[in-house]
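Each remark here refers to the structure printed beneath this line.
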Amino acid sequence: MATFLQQVVNGLSLGSVYALIAVGYSLVYSILLFSNFAHGGFLVVGGYAAYGMLNSMGMNIWAAGAGAIMAAGVVAIVTERMAYRPIRERTSATLYLLIASMGVSIVIENVFVVTIGGRYRALPEVFPSQPIVLAAREAGEAALRFFPGAAEGLTPLLTISAFDLISLGVTVVFLLLLQMFLMRTRWGLAIRAAACDLRTAGLMGVNVNLLIAIVFFVAGALAAVGGIFLATRYTLYPQLGNMITTKAFVAAVIGGLGSLPGAVIGGILLGLAEMLTAGFISSQMRDFVVFALLIATLIIKPSGLFGRDIRDKV
Amino acid sequence: MKKFLSIILAVAMFAFPAFAAEEVLVGEISTSTGDFAAYGFAEVESVKIALEEINAAGGVKVGDKMLPMRVIQYDCRTRNEDMVNAARRLVNQDKVVAVIGPSGSGLCISAAAVFNRGHVAHLGTLPTNPMVTMDERGKVRPYNFRICFLDPYQGAILATFAVKNLNLMKAAVLYDVSSDYSQGLREFFVNEYKKMGGEVVADEGHRGEDVDFRAQLTKFKEAKPDILVFPTMGKCTPLAIKQAREMGFTCPIIGGDGYGDFWWEIAGEAMENTYWVSHVDKGDPKLKGFFDKFEQKTGTECKEFMNAMMAYDCLYWLKDAIERAGSLDPEKVRDALEQTKDLKLMHCTLTMDEFHNPKGKEGIMLKAEGGKTSYFATIKPEM
Amino acid sequence: MKKSLLGALFLAALGAALAYVPMDYYTEGILMLLCINMIAAMGVSLLTGFTGIFTLGHAAYMAMGAYTAAILIMNYDVPWLPSVLAGGVLAAALAWVVGVPTMKLTGDYYAIASLGLCEAIRLVIENWQSVTRGARGIPGIDPYTTRAVAVWFFVILALFMFNLIYSRWGRYFRACRDDVTAASLLGFNTPSIRLVSLLISAFYCGIAGALLGGYLSFIQPAMFDMMKSTELTSLVVFGGLGSMSGTLLATGIITLITELFRPISQYRMLIYGAVLVMVMVLRPDGLLGSREIWEFRRRRAGAGKEESR
C-alpha cells in the first residue's frame, strides 16, 4: 500500500510538470488549431535564460525566473510573427504550420548546440531538495505526520523531495494565475472568444494579431517555468525539450486538444500512468504506456476527455 | 548561394586525395558531443598531447625512415549510427593504419564488423564489455583490441569490494538496458556477488534516455537494500544518485568505471559516500607529469582522467606496434599489436592475451568525498 | 503512352549506367543513400501527396522492414533478397493491422496517431530484447546492399510507382485526396482505397528500411524515430504535394546537401531546420507544386490541352 501511494506521489509530481507544459500547448491549439511543436524550444530558451542569469549575473531565483519568462515569451512572439503569421495569412491549412513548427523546434535546439554547446549544465542549487517524510510508521502503527528532514527512529513510508513539493506548488499557482487571467480580464475574455471562433472574434473587434501575440507570450511563459523546473531536476541541455514536449503533447491530446482543464487532467493522468506502470508492471514499459494511451484515446474518443466533438457532418 | 557552396565543397572533397604525403595516418573516433562528451574531450586532448610528443621526437620509425604521424579525428556524437559511418570513412576512404577509441562498449561493438571486414585494427580506449574483442560464438575478433580490463573482472572487483571491504550483503541494482556496458557489468556483478553469498534484493532497468528513476527507486525502498549498485555511465548515473538521496537513501552507492568528474556538477552533495572502479590512480606520482601537462595545455584540470590516460597510452602502443611491424600495412600492424609483450606504457606494462585484452591489470576503488574522488583501495579479486 | 515507354527506357538506361560505371567509395555511398531515401520518399509521397493522408510516422515501417530483414538473415540464414522482400511485406502487414482502426480519423488526428504509432513501435523494438537486442541495435549485418542492388530496386519501384499514379488507381487516390466525401458519395469505396495506398506506402518504406540495414550493416531503434518520419514527410512537402518527380527532386537535393555538409555537421541540423521554416513561409507549394517535372512545358502551350491523367 505504501509503495502504491509513493508511486502515486511520484506520478502527481511528474504529472504536474506535464500539465504545466500541456496547458501552454493546448492554449495555442485552441486559438490557432495547430500543434506547435516548437513549444519545447520555448522551454529550453527559458531554461538557458535562467541558467545564464543565475550563473553569470548572479541574480536570485525570482529575478532569474522573471527574466526567463520574459525571454521565452519574447522568443514565442518572434516565432509567431516571423514563421507562423505569414503562413497563417496565406492559407488555412494547418499542415504547413505544423511542419514550420518542427523546423523552428530544430532551429532553436541547434542554435544552442552551436553557440553554447551540447554539454549538460546543472543549474545552481537554488531549490532545496532534501526528502520530506509525509507518512511514517512507528513500530507497528501508521501515523501520518509531517516531518521536515529524515525522521529519527521511525520507518518512513511516504517521502517527497522538497523540490517536488515546490514544483507542484508553483504549478498550481501558475495555473490559478492563468485561470484568473482567462476568467477575470478583458483579454482573457477575448481569448476565450477566439478559442470558440477566431474569425468571428476578429469581426467583433478583437485585434486578432495582438491577441495571438499575447497567447504566444503566455504559452512561452508557462513553458519557461516548466523549463526551469525540468532543467533543475534533469540538468539542462538543448534536447531537453524533445521528449517532455512529446509527452506533454500526448497529455494535451488525451485531455482534449484545445481544452485547458483537459490538458491539466491529461498531464496528471499521464504522470500517474507512467509511474504506476514503471512501479508495478515494468520500468521499461513506462514510455510505451504513454503512446498506448494516445492511440487508445484516438481510436475510442479522438477529441479526448474534454475536447469538442469534431466530426464532419455531411 | 547554397548550390555554389556545395559545388565548391564537392570539388574540394575530390581534390583532397591529391595531397597524399608520406606520413603515418591514424584514425580517431571520439564522443565529442552527446552523452559522453566529457569522456570524449579528455581523449581528444590527450591524443593531441601524445601526437605532439611523438612528432617532436622525430615521429614513427617505419623501416629505416622516420615519418610524422597524423591523426584524423571524427566525432561520433555518442551515436552508434555515426560511429559506423565514421568507421567506414576511416577504413575505406581515409585508409588509415589503425583506429583509436572511443570508450563506449556499445559504440565499439557496433562498428566491429566494419574494422574486421576492412582489415584495419581498432584499439578501444576504455570499452569493457567482453564482446568488444570477442564475437557471439566466443572467438576472438582478429582486428579488435583494447587497453583496459574487462567487465567480468570489473564485476568481480565490485562484488569483492561490496562483500569484503564494505561488508554489505543486500544489493539493489539499477542498470541501463540500452547499454552493452551496463548490461554486461550488471550480469558479472550479480554472478560474483551471489557466489560470495550476497543477495540481490532488487534489480531494475531503465532506458538510456531516461532521466527519472523515482519509480525504480521506490521499488528499491520496498526491498530495503543496504547498498545500491549503478553499473552505468553518462549523465543518468549522477541523476539517479541525486534522486536516490532525495528519496532518503543514505547507504553507499557503488558503480563501475563510468565515473566522470562532471558528475559532481550534476549531483552535488549527493555524491558523498559513493565508490567507483578505476583503471588508474590519479594521485599516482608517476602520472603527475602527464596530468600537469594536460592541465597546462587545455587550461582545465584533467577530469575524466581514466579516458585521458588510456587514449594517450593507446597512441604510444600503436606507435610501438608500427615500429615493430616495420611497415604501414594495416595487416602487419595488426599482427604486431597482437604480439605486444611487456610494453612499458605510462600507466602500466602491457601484454596481450589471446583475446586481445591486457593481462594482469589491477583494479582501483575510488571514494567520492569532499567534492572530489580519491584513491581508496586496490582490489585484486580471486577469479 | 509512347511518352511513358520512352520515360521507362530512359530510367532503365540511367539505372544501368549508375549501377555499373566505376565510382569511388564516397560517391557510391551517396548514390546508395539517395536511392534508399528516394524509395522511402516515394512511399510517403503516394500516401500524403496523392491520397491526402498526412503521416508523421512512416519511419515505423522502415524499422519493420529493416528489423525483419536483419533478423531473417542473421538468425535464420535466409538469403538477402527474400529477406528484403519479406521486410516490405511485413511492413505492409503492420500497416494493415494499425491502419484499419485509424483510417477513419480525420487529417490532424491521423497525423498524431501515426506519430504515436511510430514511437510505440520503436519502443516495442527496444523492449523486445530477446529478438531485437533492444536499444543496442543489431551490428554486423551482411552488407548486401551493393550499388547495383540499390539502383535496381529504385528503378523497378519507381517504374511501378509512376505507372500506378498514371493509372486508374492513381485517379482513385487523387479523388480521395481532393474530396473524400464527394468521392464516397459517388460510390468509391474510400476506406479501401485509402488503405491500399497506406499498404503500398508501407511496403516501399519497408524495402527502404531493409536496404538501409544492408547498407550500414547496422540498425538501431533510434534511427527510426520521430525525427526520421518528419524528414520523410518534409521531403514530400518540399518537393510538392502531388508531384512524384518533385519528391524525387527534393530528396536528391536534400540528401546531397546533407552529405556535403557532414564535415560541418554541427551547423547541418541548424540549416536543415531553417530551410524547413523558410520553405513553409516562402514557398509552401514546394518545388514543383502538384505538377510533374515534364508537365511544365505543356502548361505554357495552352491551358486547355491538358492530357487526362
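How things are named: the first chain in the C-alpha cells is A, the next is B, and so on; residues count from 1 in each chain; ligands count from 1 in the order shown.
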Exercise. Which neighbours of C:Leu14 fall inside 9 Å, counting only C-alpha atoms, when residues of the same chain fewer than 5 positions from it are skipped, and could you give them as a list in words?
Worked result: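 Contacts, in chain order: Leu9, Ala19 and Val155 of chain C.
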Which residues of chain C have any atom within 8 Å of an atom in chain A when counting only C-alpha atoms, and what is the closest pair of atoms for each, with the distance in Å to one decimal? Order the rows by chain and rising number and write it as a tab-separated table.
residue	atom	partner	partner_atom	distance
C:Pro101	CA	A:Ile299	CA	6.8
C:Thr102	CA	A:Ile299	CA	6.5
C:Leu105	CA	A:Pro302	CA	7.8
C:Tyr109	CA	A:Pro302	CA	7.1
C:Ala113	CA	A:Ile295	CA	6.0
C:Gly116	CA	A:Phe291	CA	5.4
C:Leu117	CA	A:Phe291	CA	7.1
C:Glu119	CA	A:Phe291	CA	7.1
C:Ala120	CA	A:Phe291	CA	5.7
C:Leu123	CA	A:Phe288	CA	6.0
C:Val124	CA	A:Phe288	CA	7.4
C:Asn127	CA	A:Gln284	CA	6.8
C:Thr181	CA	A:Val314	CA	7.9
C:Ser234	CA	A:Ile99	CA	7.1
C:Gln266	CA	A:Val114	CA	6.3
C:Tyr267	CA	A:Val114	CA	6.9
C:Met269	CA	A:Asn110	CA	6.6
C:Leu270	CA	A:Val107	CA	5.1
C:Ile271	CA	A:Val107	CA	7.6
C:Tyr272	CA	A:Gly103	CA	7.6
C:Gly273	CA	A:Gly103	CA	4.2
C:Ala274	CA	A:Val107	CA	6.0
C:Val275	CA	A:Gly103	CA	7.7
C:Leu276	CA	A:Gly103	CA	5.2
C:Val277	CA	A:Ala100	CA	4.6
C:Met278	CA	A:Ala83	CA	7.9
C:Met280	CA	A:Ala100	CA	5.9
C:Val281	CA	A:Ile87	CA	5.6
C:Pro284	CA	A:Tyr96	CA	6.9
Store the residues picked out above, limited to C-alpha atoms, as a PDB file, in the first residue's frame.
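What ended up in part_36.pdb:
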ATOM      1  CA  PRO C 101      -8.675   1.187 -36.936  1.00  0.00           C
ATOM      2  CA  THR C 102      -7.034   4.540 -37.597  1.00  0.00           C
ATOM      3  CA  LEU C 105      -9.532   9.533 -38.242  1.00  0.00           C
ATOM      4  CA  TYR C 109      -5.757  13.358 -35.739  1.00  0.00           C
ATOM      5  CA  ALA C 113      -1.950   8.773 -34.300  1.00  0.00           C
ATOM      6  CA  GLY C 116       2.190   7.816 -31.603  1.00  0.00           C
ATOM      7  CA  LEU C 117       2.378   4.568 -33.530  1.00  0.00           C
ATOM      8  CA  GLU C 119       7.106   5.897 -31.210  1.00  0.00           C
ATOM      9  CA  ALA C 120       5.184   2.914 -29.880  1.00  0.00           C
ATOM     10  CA  LEU C 123       9.586   1.247 -28.022  1.00  0.00           C
ATOM     11  CA  VAL C 124       8.396  -2.273 -28.767  1.00  0.00           C
ATOM     12  CA  ASN C 127      11.923  -3.668 -25.223  1.00  0.00           C
ATOM     13  CA  THR C 181     -16.809  12.996 -49.078  1.00  0.00           C
ATOM     14  CA  SER C 234       9.211  17.201 -45.119  1.00  0.00           C
ATOM     15  CA  GLN C 266      27.205  20.982 -36.246  1.00  0.00           C
ATOM     16  CA  TYR C 267      25.552  23.528 -38.499  1.00  0.00           C
ATOM     17  CA  MET C 269      20.831  20.476 -38.426  1.00  0.00           C
ATOM     18  CA  LEU C 270      20.528  24.195 -37.847  1.00  0.00           C
ATOM     19  CA  ILE C 271      20.470  24.811 -41.586  1.00  0.00           C
ATOM     20  CA  TYR C 272      18.014  21.972 -42.132  1.00  0.00           C
ATOM     21  CA  GLY C 273      15.590  23.460 -39.604  1.00  0.00           C
ATOM     22  CA  ALA C 274      15.953  26.937 -41.045  1.00  0.00           C
ATOM     23  CA  VAL C 275      15.369  25.658 -44.590  1.00  0.00           C
ATOM     24  CA  LEU C 276      12.253  23.848 -43.422  1.00  0.00           C
ATOM     25  CA  VAL C 277      10.819  27.017 -41.940  1.00  0.00           C
ATOM     26  CA  MET C 278      11.764  29.139 -44.920  1.00  0.00           C
ATOM     27  CA  MET C 280       6.974  26.759 -45.488  1.00  0.00           C
ATOM     28  CA  VAL C 281       6.919  30.525 -45.261  1.00  0.00           C
ATOM     29  CA  PRO C 284       4.770  26.122 -49.241  1.00  0.00           C
TER      30      PRO C 284
END
Can you write out as JSON lines which residues of chain B fall within 6 Å of chain C, alongside each residue's closest atom pair and its distance in Å to one decimal, counting only C-alpha atoms and ordering rows by chain and ascending residue number?
{"residue": "B:Ser110", "atom": "CA", "partner": "C:Pro139", "partner_atom": "CA", "distance": 4.9}
{"residue": "B:Ala113", "atom": "CA", "partner": "C:Gly140", "partner_atom": "CA", "distance": 5.0}
{"residue": "B:Ser178", "atom": "CA", "partner": "C:Ala135", "partner_atom": "CA", "distance": 4.6}
Exercise. What lies within 9 Å of stretch 272-286 of chain B using only C-alpha atoms, ignoring chain neighbours under 4 positions off, as a ChimeraX atom specification?
Worked result: /B:148-149,154,157-158,241,250-259,268,290-291,305-306,309-310,346-347,361-371,373-376
For the alpha helix (DSSP H) assignment from backbone DSSP, which residues of stretch 13-80 of chain C qualify? Please present them as an mmCIF file with N, CA and C atoms, in the first residue's frame.
data_model
loop_
_atom_site.group_PDB
_atom_site.id
_atom_site.type_symbol
_atom_site.label_atom_id
_atom_site.label_comp_id
_atom_site.auth_asym_id
_atom_site.auth_seq_id
_atom_site.Cartn_x
_atom_site.Cartn_y
_atom_site.Cartn_z
ATOM 1 N N ALA C 13 17.965 2.908 -68.603
ATOM 2 C CA ALA C 13 19.325 3.170 -69.096
ATOM 3 C C ALA C 13 20.136 3.903 -68.042
ATOM 4 N N LEU C 14 19.492 4.904 -67.420
ATOM 5 C CA LEU C 14 20.171 5.658 -66.368
ATOM 6 C C LEU C 14 20.586 4.727 -65.236
ATOM 7 N N GLY C 15 19.650 3.840 -64.891
ATOM 8 C CA GLY C 15 19.937 2.881 -63.839
ATOM 9 C C GLY C 15 21.141 2.025 -64.171
ATOM 10 N N ALA C 16 21.178 1.509 -65.409
ATOM 11 C CA ALA C 16 22.299 0.653 -65.797
ATOM 12 C C ALA C 16 23.601 1.424 -65.692
ATOM 13 N N ALA C 17 23.560 2.675 -66.163
ATOM 14 C CA ALA C 17 24.783 3.485 -66.096
ATOM 15 C C ALA C 17 25.233 3.661 -64.660
ATOM 16 N N LEU C 18 24.294 4.097 -63.806
ATOM 17 C CA LEU C 18 24.674 4.380 -62.423
ATOM 18 C C LEU C 18 25.107 3.125 -61.688
ATOM 19 N N ALA C 19 24.536 1.982 -62.085
ATOM 20 C CA ALA C 19 24.845 0.771 -61.331
ATOM 21 C C ALA C 19 26.217 0.228 -61.647
ATOM 22 N N TYR C 20 26.693 0.461 -62.843
ATOM 23 C CA TYR C 20 27.912 -0.251 -63.219
ATOM 24 C C TYR C 20 29.096 0.622 -63.551
ATOM 25 N N TYR C 25 34.531 5.292 -53.616
ATOM 26 C CA TYR C 25 33.747 4.842 -52.472
ATOM 27 C C TYR C 25 32.763 5.886 -51.972
ATOM 28 N N TYR C 26 33.231 7.121 -51.942
ATOM 29 C CA TYR C 26 32.417 8.181 -51.356
ATOM 30 C C TYR C 26 31.166 8.447 -52.189
ATOM 31 N N THR C 27 31.359 8.617 -53.515
ATOM 32 C CA THR C 27 30.218 8.885 -54.387
ATOM 33 C C THR C 27 29.240 7.721 -54.375
ATOM 34 N N GLU C 28 29.819 6.519 -54.346
ATOM 35 C CA GLU C 28 28.971 5.334 -54.291
ATOM 36 C C GLU C 28 28.039 5.394 -53.096
ATOM 37 N N GLY C 29 28.622 5.760 -51.954
ATOM 38 C CA GLY C 29 27.834 5.818 -50.729
ATOM 39 C C GLY C 29 26.686 6.796 -50.858
ATOM 40 N N ILE C 30 26.978 7.958 -51.417
ATOM 41 C CA ILE C 30 25.925 8.961 -51.573
ATOM 42 C C ILE C 30 24.828 8.437 -52.497
ATOM 43 N N LEU C 31 25.233 7.811 -53.578
ATOM 44 C CA LEU C 31 24.245 7.301 -54.532
ATOM 45 C C LEU C 31 23.327 6.265 -53.879
ATOM 46 N N MET C 32 23.931 5.364 -53.105
ATOM 47 C CA MET C 32 23.123 4.318 -52.479
ATOM 48 C C MET C 32 22.140 4.928 -51.483
ATOM 49 N N LEU C 33 22.644 5.878 -50.680
ATOM 50 C CA LEU C 33 21.776 6.548 -49.711
ATOM 51 C C LEU C 33 20.649 7.261 -50.435
ATOM 52 N N LEU C 34 20.969 7.871 -51.566
ATOM 53 C CA LEU C 34 19.987 8.579 -52.367
ATOM 54 C C LEU C 34 18.886 7.633 -52.810
ATOM 55 N N CYS C 35 19.281 6.472 -53.342
ATOM 56 C CA CYS C 35 18.289 5.502 -53.806
ATOM 57 C C CYS C 35 17.385 5.080 -52.656
ATOM 58 N N ILE C 36 17.986 4.774 -51.525
ATOM 59 C CA ILE C 36 17.199 4.317 -50.379
ATOM 60 C C ILE C 36 16.223 5.401 -49.947
ATOM 61 N N ASN C 37 16.706 6.628 -49.800
ATOM 62 C CA ASN C 37 15.828 7.713 -49.387
ATOM 63 C C ASN C 37 14.722 7.943 -50.392
ATOM 64 N N MET C 38 15.057 7.822 -51.676
ATOM 65 C CA MET C 38 14.039 8.060 -52.691
ATOM 66 C C MET C 38 12.943 7.012 -52.634
ATOM 67 N N ILE C 39 13.315 5.771 -52.388
ATOM 68 C CA ILE C 39 12.287 4.733 -52.305
ATOM 69 C C ILE C 39 11.321 5.046 -51.161
ATOM 70 N N ALA C 40 11.874 5.398 -49.997
ATOM 71 C CA ALA C 40 11.011 5.717 -48.862
ATOM 72 C C ALA C 40 10.162 6.938 -49.155
ATOM 73 N N ALA C 41 10.787 7.947 -49.772
ATOM 74 C CA ALA C 41 10.053 9.182 -50.044
ATOM 75 C C ALA C 41 8.904 8.929 -51.015
ATOM 76 N N MET C 42 9.121 8.048 -51.993
ATOM 77 C CA MET C 42 8.046 7.738 -52.939
ATOM 78 C C MET C 42 6.851 7.145 -52.205
ATOM 79 N N GLY C 43 7.159 6.274 -51.253
ATOM 80 C CA GLY C 43 6.086 5.677 -50.479
ATOM 81 C C GLY C 43 5.271 6.723 -49.746
ATOM 82 N N VAL C 44 5.978 7.604 -49.041
ATOM 83 C CA VAL C 44 5.273 8.634 -48.275
ATOM 84 C C VAL C 44 4.538 9.578 -49.215
ATOM 85 N N SER C 45 5.149 9.859 -50.365
ATOM 86 C CA SER C 45 4.527 10.773 -51.312
ATOM 87 C C SER C 45 3.195 10.221 -51.800
ATOM 88 N N ALA C 59 8.522 6.195 -40.398
ATOM 89 C CA ALA C 59 9.788 5.567 -40.018
ATOM 90 C C ALA C 59 9.525 4.220 -39.353
ATOM 91 N N ALA C 60 8.330 4.055 -38.787
ATOM 92 C CA ALA C 60 7.998 2.781 -38.152
ATOM 93 C C ALA C 60 8.026 1.658 -39.178
ATOM 94 N N TYR C 61 7.568 1.939 -40.386
ATOM 95 C CA TYR C 61 7.549 0.897 -41.411
ATOM 96 C C TYR C 61 8.950 0.605 -41.912
ATOM 97 N N MET C 62 9.779 1.651 -41.942
ATOM 98 C CA MET C 62 11.187 1.415 -42.292
ATOM 99 C C MET C 62 11.813 0.505 -41.249
ATOM 100 N N ALA C 63 11.510 0.783 -39.973
ATOM 101 C CA ALA C 63 12.069 -0.033 -38.897
ATOM 102 C C ALA C 63 11.616 -1.483 -39.051
ATOM 103 N N MET C 64 10.332 -1.651 -39.360
ATOM 104 C CA MET C 64 9.794 -3.002 -39.520
ATOM 105 C C MET C 64 10.547 -3.749 -40.607
ATOM 106 N N GLY C 65 10.719 -3.081 -41.745
ATOM 107 C CA GLY C 65 11.429 -3.713 -42.853
ATOM 108 C C GLY C 65 12.858 -4.044 -42.477
ATOM 109 N N ALA C 66 13.529 -3.076 -41.854
ATOM 110 C CA ALA C 66 14.936 -3.268 -41.512
ATOM 111 C C ALA C 66 15.117 -4.432 -40.547
ATOM 112 N N TYR C 67 14.311 -4.453 -39.492
ATOM 113 C CA TYR C 67 14.469 -5.497 -38.487
ATOM 114 C C TYR C 67 14.074 -6.864 -39.012
ATOM 115 N N THR C 68 12.989 -6.909 -39.806
ATOM 116 C CA THR C 68 12.596 -8.205 -40.378
ATOM 117 C C THR C 68 13.730 -8.777 -41.203
ATOM 118 N N ALA C 69 14.261 -7.954 -42.106
ATOM 119 C CA ALA C 69 15.336 -8.444 -42.969
ATOM 120 C C ALA C 69 16.533 -8.868 -42.135
ATOM 121 N N ALA C 70 16.927 -8.029 -41.178
ATOM 122 C CA ALA C 70 18.122 -8.327 -40.382
ATOM 123 C C ALA C 70 17.958 -9.625 -39.609
ATOM 124 N N ILE C 71 16.792 -9.798 -38.970
ATOM 125 C CA ILE C 71 16.594 -10.998 -38.161
ATOM 126 C C ILE C 71 16.549 -12.242 -39.035
ATOM 127 N N LEU C 72 15.875 -12.149 -40.193
ATOM 128 C CA LEU C 72 15.821 -13.318 -41.071
ATOM 129 C C LEU C 72 17.210 -13.710 -41.548
ATOM 130 N N ILE C 73 18.017 -12.701 -41.903
ATOM 131 C CA ILE C 73 19.344 -13.001 -42.434
ATOM 132 C C ILE C 73 20.259 -13.526 -41.345
ATOM 133 N N MET C 74 20.275 -12.843 -40.183
ATOM 134 C CA MET C 74 21.256 -13.185 -39.158
ATOM 135 C C MET C 74 20.872 -14.449 -38.392
ATOM 136 N N ASN C 75 19.592 -14.595 -38.063
ATOM 137 C CA ASN C 75 19.224 -15.715 -37.196
ATOM 138 C C ASN C 75 18.748 -16.939 -37.943
ATOM 139 N N TYR C 76 18.198 -16.728 -39.127
ATOM 140 C CA TYR C 76 17.634 -17.882 -39.823
ATOM 141 C C TYR C 76 18.303 -18.188 -41.144
ATOM 142 N N TRP C 80 19.464 -12.822 -48.793
ATOM 143 C CA TRP C 80 19.091 -11.444 -48.556
ATOM 144 C C TRP C 80 17.878 -11.002 -49.373
#
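Each of B:Lys288, B:Lys164, B:Lys194, B:Lys221 was checked against chain A using only C-alpha atoms; the smallest atom-to-atom distance is that of B:Lys221.
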Using only C-alpha atoms, find each residue in chain B having at least one atom no more than 6 Å away from chain A; report its shortest atom-to-atom pair and that distance in Å (one decimal), rows by chain then rising number, as JSON lines.
{"residue": "B:His206", "atom": "CA", "partner": "A:Gln284", "partner_atom": "CA", "distance": 5.9}
{"residue": "B:Ala215", "atom": "CA", "partner": "A:Gly279", "partner_atom": "CA", "distance": 5.2}
{"residue": "B:Glu246", "atom": "CA", "partner": "A:Pro131", "partner_atom": "CA", "distance": 4.9}
{"residue": "B:Met247", "atom": "CA", "partner": "A:Pro131", "partner_atom": "CA", "distance": 5.7}
{"residue": "B:Gly248", "atom": "CA", "partner": "A:Pro131", "partner_atom": "CA", "distance": 5.9}
{"residue": "B:Ile266", "atom": "CA", "partner": "A:Ala122", "partner_atom": "CA", "distance": 5.4}
Preceding selection exported with N, CA and C atoms as a PDB file, in the first residue's frame:
ATOM      1  N   HIS B 206      16.522   0.671 -16.752  1.00  0.00           N
ATOM      2  CA  HIS B 206      15.966   1.905 -17.273  1.00  0.00           C
ATOM      3  C   HIS B 206      16.489   2.102 -18.680  1.00  0.00           C
ATOM      4  N   ALA B 215      10.457   5.824  -9.970  1.00  0.00           N
ATOM      5  CA  ALA B 215       9.647   4.609  -9.908  1.00  0.00           C
ATOM      6  C   ALA B 215      10.498   3.415  -9.487  1.00  0.00           C
ATOM      7  N   GLU B 246      17.462  12.007  -2.630  1.00  0.00           N
ATOM      8  CA  GLU B 246      16.228  12.746  -2.359  1.00  0.00           C
ATOM      9  C   GLU B 246      15.154  11.847  -1.805  1.00  0.00           C
ATOM     10  N   MET B 247      15.243  10.555  -2.153  1.00  0.00           N
ATOM     11  CA  MET B 247      14.232   9.624  -1.643  1.00  0.00           C
ATOM     12  C   MET B 247      14.591   9.107  -0.277  1.00  0.00           C
ATOM     13  N   GLY B 248      15.753   9.496   0.191  1.00  0.00           N
ATOM     14  CA  GLY B 248      16.099   9.096   1.538  1.00  0.00           C
ATOM     15  C   GLY B 248      17.114   7.976   1.641  1.00  0.00           C
ATOM     16  N   ILE B 266      26.456  17.762 -11.509  1.00  0.00           N
ATOM     17  CA  ILE B 266      25.046  17.401 -11.590  1.00  0.00           C
ATOM     18  C   ILE B 266      24.497  16.932 -10.255  1.00  0.00           C
TER      19      ILE B 266
END
Please list as a PDB file with C-alpha atoms, in the first residue's frame every residue within 8 Å of C:Thr48, counting only C-alpha atoms and excluding residues in the same chain fewer than 4 positions away.
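Below is the file that was written, result28.pdb:
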ATOM      1  CA  VAL C  44       5.273   8.634 -48.275  1.00  0.00           C
ATOM      2  CA  GLY C  52      -4.079  13.318 -48.954  1.00  0.00           C
ATOM      3  CA  ILE C  53      -3.299  11.439 -45.751  1.00  0.00           C
ATOM      4  CA  PHE C  54      -0.739  13.358 -43.794  1.00  0.00           C
ATOM      5  CA  THR C  55       1.530  10.996 -41.875  1.00  0.00           C
ATOM      6  CA  THR C 233       7.231  13.981 -44.752  1.00  0.00           C
ATOM      7  CA  VAL C 236       7.430  15.263 -49.794  1.00  0.00           C
ATOM      8  CA  LEU C 241       2.331  17.566 -52.705  1.00  0.00           C
TER       9      LEU C 241
END
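Contact shell of B:Val177 at 7 Å (only C-alpha atoms; same-chain neighbours under 4 positions omitted): Gln183, Gly205, His206, Arg207 and Gly208 of chain B.
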Restricting it to C-alpha atoms, dump the selection as a PDB file, in the first residue's frame.
ATOM      1  CA  GLN B 183      24.072  -4.999 -19.160  1.00  0.00           C
ATOM      2  CA  GLY B 205      16.408  -1.443 -15.631  1.00  0.00           C
ATOM      3  CA  HIS B 206      15.966   1.905 -17.273  1.00  0.00           C
ATOM      4  CA  ARG B 207      16.253   3.195 -20.804  1.00  0.00           C
ATOM      5  CA  GLY B 208      19.291   5.139 -21.888  1.00  0.00           C
TER       6      GLY B 208
END
Problem set entry | Computed interatomic separation between atom CA of C:Trp169 and atom CA of C:Leu211 (Å) | 27.1 Å
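Within stretch 85-298 of chain C, DSSP run on the backbone puts these residues in strand (DSSP E): Ile138, Pro139, Phe218 and Ile219 of chain C.
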Seminar exercise, completed: Using only C-alpha atoms, the best pick from B:Arg324, B:Lys219, B:Arg146, B:Lys372 as closest to B:Glu265 would be B:Lys372
Problem set entry | Polymer residues at most 9 Å from B:Leu107, only C-alpha atoms, same-chain spacing of 4 or more positions, as a list in words |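 So the residues in contact are Cys76, Thr78, Arg79, Asn80, Glu81, Met83, Val84, Pro102, Ser103, Ala111, Ala112, Pro127 and Asp180 of chain B.
In this structure, atom CA of B:Glu354 sits 26.6 Å away from atom CA of B:Lys195.
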Exercise. Got a sec: who's within 7 Å of B:Asp342, counting only C-alpha atoms, leaving out chain neighbours fewer than 6 positions off, as a ChimeraX atom specification?
Worked result: /B:349-351
Residues from last step as file, C-alpha atoms, as a PDB file, in the first residue's frame:
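Just written: part_14.pdb:
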ATOM      1  CA  THR B 349      53.125  -2.667 -18.593  1.00  0.00           C
ATOM      2  CA  LEU B 350      51.111  -4.134 -21.396  1.00  0.00           C
ATOM      3  CA  THR B 351      50.960  -7.731 -22.544  1.00  0.00           C
TER       4      THR B 351
END
